[in-house]
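Accompanying notes for the structure given below.
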Amino acid sequence: APVAHSAGEKGTSWAPSLMADVLAAGIAGAAVSPIISAVDQALAENASGKAKLFPSFFGSLRSMVAQPLKYLSSPTFYWIWVVYGGTYFAANLVDTGCASTSPPTDPAFPKWVATSTVNTGTCIAKDRAFAVLFGTKAPVGVPLGSYAAWLTRDFVSMGVIFTLPPIVGKQISSTLGSERAGYYAAQFGLPLALQTVTTPIHLLGYDIYNNPNNTLSQRLAFLGKDYFKNVGIRMIRMVPPWSVGTIGNKELRGYFREKLGA
């Protein structure tokens with residue numbers, strides 16, 4: 001059989017490298033989906049007035065436990081899996097591609113571009129679907145203002161989540177004992193700190209959809225209402241995909257690359 005193009009200095013083929021990228025992203029994406037979908041549904045229902053934040057959140061978790069197959073076949077699970085499995089795969093693919101060049105290319109900027117593109121596109125589609133699924137009004141076209149808010153949220157998020165942890169990890173490695181420990185600390189902590197900024201931007205998109213005629217003062221009042229509760233639950237939501245999930249995807253990718261000989 002013809003030899004595939006090399007995917008690194010070891011001369012391994014692209015096939016096992018891509019298989020490792022797909023498997024890691026798919027498993028990590030599926031693993032983080034339940035808690036994320038429960039939080040996103042709670043935020044959407046709370047923003048529309050359909051349900052209170054924590055009753056919706058815990059109600060979703062109870063439903064998942066009682067009827068897991070129903071949840072796994074629902075659009076709620078599908079959308080979250082597509083968003084995060086797709087984003088992890090984009091990051092993995094960039095790492096594979098950059099490592100295959102001679103000399104290897106720094107993946108920071110291309111990874112930011114790739115993850116921003118994939119995450120923004122899938123996440124905006126997901127937010128539109130959730131706004132329609134869990135809103136209280138008849139489905140209508142999503143305003144450009146909502147898209148702009150969600151685009152800003154994702155553009156800022158991907159820059160912090162995928163670009164900064166390796167950089168910050170090196171800076172704090174001497175304090176924590178190793179660069180690996182520094183990376184893990186940064187990867188866990190930075191996405192959580194980011195929520196103090198991105199949570200209001202996220203909810204602004206829902207408010208523009210649910211209340212298109214609100215004034216600026218009304219929007220500010222809405223964003224200030226339950227601010228700490230919303231930031232808190234968004235922090236809970238960020239732990240699975242961007243703290244635990246990102247690290248899990250990295251570890252799974254390494255495991256599968258070793259097993260597949262990539």
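Every chain in the structure tokens has a letter given in the order shown (A, B, ...), and although residue numbers restart at 1 in each chain, ligands are simply numbered from 1 in the order shown.
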**Request:** Could you please write out, as a PyMOL selection string, every residue of range 22-195 of chain A that DSSP assigns to alpha helix (DSSP H)?
**Result:** chain A and resi 22-48+53-66+68-72+75-99+108-134+144-158+164-171+173-176+179-195
Per residue of range 62-108 of chain A within 10 Å of range 38-51 of chain A, record the nearest atom pair and its distance in Å to one decimal, counting only C-alpha atoms, with rows in chain order and ascending residue number, as a Markdown table.
| residue | atom | partner | partner_atom | distance |
| --- | --- | --- | --- | --- |
| A:Arg62 | CA | A:Ala38 | CA | 9.9 |
| A:Ser63 | CA | A:Ala38 | CA | 9.9 |
| A:Met64 | CA | A:Ala38 | CA | 9.1 |
| A:Thr76 | CA | A:Gln41 | CA | 8.2 |
| A:Phe77 | CA | A:Ala38 | CA | 9.4 |
| A:Ile80 | CA | A:Asp40 | CA | 9.2 |
**Fill in**
For Pro191 in chain A, the closest of A:Glu179, A:Asp226, A:Asp154, A:Asp207 counting only C-alpha atoms is A:Asp154
**Complete:** Residue with the minimum atom-to-atom distance to Val82 in chain A, picked from A:Thr101, A:Ser56, A:Asn119, A:Ser178 with only C-alpha atoms counted, is A:Asn119
Neighbour list for Tyr227 in chain A as a PDB file with N, CA and C atoms, in the first residue's frame, cut-off 8 Å, only C-alpha atoms, skip fewer than 4 positions in-chain:
ATOM      1  N   PRO A 200     -22.055  38.357  31.009  1.00  0.00           N
ATOM      2  CA  PRO A 200     -22.989  39.405  30.579  1.00  0.00           C
ATOM      3  C   PRO A 200     -23.114  39.494  29.055  1.00  0.00           C
ATOM      4  N   LEU A 223     -28.839  42.646  32.903  1.00  0.00           N
ATOM      5  CA  LEU A 223     -27.522  42.037  33.067  1.00  0.00           C
ATOM      6  C   LEU A 223     -27.060  42.094  34.516  1.00  0.00           C
ATOM      7  N   VAL A 231     -22.915  34.311  36.796  1.00  0.00           N
ATOM      8  CA  VAL A 231     -21.478  34.069  36.671  1.00  0.00           C
ATOM      9  C   VAL A 231     -21.113  32.747  37.344  1.00  0.00           C
TER      10      VAL A 231
END
**Residues near range 243-250 of chain A, cut-off 10 Å, only C-alpha atoms, skip fewer than 5 positions along chain, as a PyMOL selection string** = chain A and resi 21+23-33+84-85+87-89+91-92+161-162+183-192+237-238+255
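You will find CA of Val156 in chain A at 15.8 Å from CA of Pro241 in chain A.
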Neighbours of Tyr78 in chain A within 10 Å (only C-alpha atoms; same-chain residues fewer than 3 positions away dropped), as a JSON list (two decimals) with N, CA, C and O atoms, in the first residue's frame?
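Once everything was written out, this is result.json:
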[["chain", "number", "residue", "atom", "x", "y", "z"],
["A", 30, "ALA", "N", -18.38, 14.25, 24.14],
["A", 30, "ALA", "CA", -19.55, 13.54, 24.69],
["A", 30, "ALA", "C", -19.54, 13.56, 26.21],
["A", 30, "ALA", "O", -20.59, 13.69, 26.85],
["A", 33, "SER", "N", -20.81, 16.93, 27.71],
["A", 33, "SER", "CA", -22.09, 17.45, 27.21],
["A", 33, "SER", "C", -23.21, 17.52, 28.25],
["A", 33, "SER", "O", -23.97, 18.50, 28.26],
["A", 37, "SER", "N", -25.14, 21.10, 28.79],
["A", 37, "SER", "CA", -26.48, 21.27, 28.23],
["A", 37, "SER", "C", -27.48, 21.67, 29.31],
["A", 37, "SER", "O", -28.39, 22.46, 29.08],
["A", 71, "TYR", "N", -32.27, 11.56, 26.57],
["A", 71, "TYR", "CA", -31.37, 12.71, 26.53],
["A", 71, "TYR", "C", -30.35, 12.57, 25.40],
["A", 71, "TYR", "O", -30.10, 13.53, 24.65],
["A", 72, "LEU", "N", -29.77, 11.39, 25.24],
["A", 72, "LEU", "CA", -28.74, 11.19, 24.22],
["A", 72, "LEU", "C", -29.28, 11.32, 22.80],
["A", 72, "LEU", "O", -28.51, 11.55, 21.86],
["A", 73, "SER", "N", -30.60, 11.20, 22.64],
["A", 73, "SER", "CA", -31.20, 11.35, 21.31],
["A", 73, "SER", "C", -31.82, 12.73, 21.12],
["A", 73, "SER", "O", -32.46, 12.99, 20.10],
["A", 74, "SER", "N", -31.61, 13.62, 22.08],
["A", 74, "SER", "CA", -32.24, 14.93, 22.04],
["A", 74, "SER", "C", -31.36, 15.95, 21.32],
["A", 74, "SER", "O", -30.13, 15.80, 21.27],
["A", 75, "PRO", "N", -31.97, 16.99, 20.77],
["A", 75, "PRO", "CA", -31.16, 18.06, 20.16],
["A", 75, "PRO", "C", -30.28, 18.77, 21.17],
["A", 75, "PRO", "O", -29.24, 19.33, 20.81],
["A", 81, "TRP", "N", -22.59, 18.42, 21.88],
["A", 81, "TRP", "CA", -21.54, 17.52, 21.39],
["A", 81, "TRP", "C", -20.88, 18.07, 20.14],
["A", 81, "TRP", "O", -19.66, 18.05, 19.99],
["A", 82, "VAL", "N", -21.70, 18.60, 19.24],
["A", 82, "VAL", "CA", -21.16, 19.19, 18.01],
["A", 82, "VAL", "C", -20.25, 20.37, 18.33],
["A", 82, "VAL", "O", -19.15, 20.51, 17.77],
["A", 83, "VAL", "N", -20.70, 21.23, 19.25],
["A", 83, "VAL", "CA", -19.91, 22.42, 19.59],
["A", 83, "VAL", "C", -18.55, 22.04, 20.16],
["A", 83, "VAL", "O", -17.50, 22.50, 19.68],
["A", 126, "LYS", "N", -25.98, 26.78, 17.94],
["A", 126, "LYS", "CA", -26.55, 26.17, 19.15],
["A", 126, "LYS", "C", -27.36, 27.18, 19.95],
["A", 126, "LYS", "O", -28.47, 26.88, 20.41]]
**Request:** Would you mind telling me which residue in A:Arg257, A:Gln218, A:Pro104, A:Asn210 lies nearest to Val132 in chain A when using only C-alpha atoms?
**Result:** A:Asn210
**Request:** Just the residues within 12 Å of Asn213 in chain A, please, counting only C-alpha atoms, with nothing from its chain fewer than 6 positions along; format it as number ranges by chain.
**Result:** A: 143, 145, 207, 219
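You can rank A:Leu61, A:Gly121, A:Gly254, A:Thr115 by their closest distance to Leu151 in chain A using only C-alpha atoms, and at the top of that list sits A:Gly121.
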**Asked** Hey, what's within 6 Å of Gly169 in chain A if we count only C-alpha atoms and toss same-chain stuff fewer than 2 positions away? As a ChimeraX atom specification, please?
**Response** /A:165-167,171-173,179,182-183,186
Okay, now the selection with N, CA and C atoms, as a CSV table (one decimal), in the first residue's frame?
chain,number,residue,atom,x,y,z
A,165,PRO,N,-3.3,29.6,28.2
A,165,PRO,CA,-2.8,28.6,29.2
A,165,PRO,C,-1.3,28.1,29.0
A,166,PRO,N,-0.9,27.8,27.8
A,166,PRO,CA,0.5,27.4,27.6
A,166,PRO,C,1.5,28.5,28.0
A,167,ILE,N,1.1,29.8,27.6
A,167,ILE,CA,2.0,30.9,27.9
A,167,ILE,C,2.0,31.2,29.4
A,171,GLN,N,5.0,30.8,32.6
A,171,GLN,CA,5.3,31.9,33.5
A,171,GLN,C,5.2,31.5,35.0
A,172,ILE,N,4.3,30.5,35.3
A,172,ILE,CA,4.1,30.1,36.7
A,172,ILE,C,4.7,28.8,37.0
A,173,SER,N,5.4,28.2,36.0
A,173,SER,CA,6.0,26.9,36.2
A,173,SER,C,7.0,26.8,37.4
A,179,GLU,N,6.4,22.8,34.2
A,179,GLU,CA,5.6,23.5,33.2
A,179,GLU,C,4.2,22.8,33.0
A,182,GLY,N,2.0,24.0,35.7
A,182,GLY,CA,1.6,25.4,35.4
A,182,GLY,C,0.6,25.4,34.3
A,183,TYR,N,0.7,24.6,33.3
A,183,TYR,CA,-0.3,24.5,32.3
A,183,TYR,C,-1.7,24.1,32.8
A,186,ALA,N,-3.2,26.9,34.8
A,186,ALA,CA,-3.7,28.0,33.9
A,186,ALA,C,-5.0,27.5,33.1
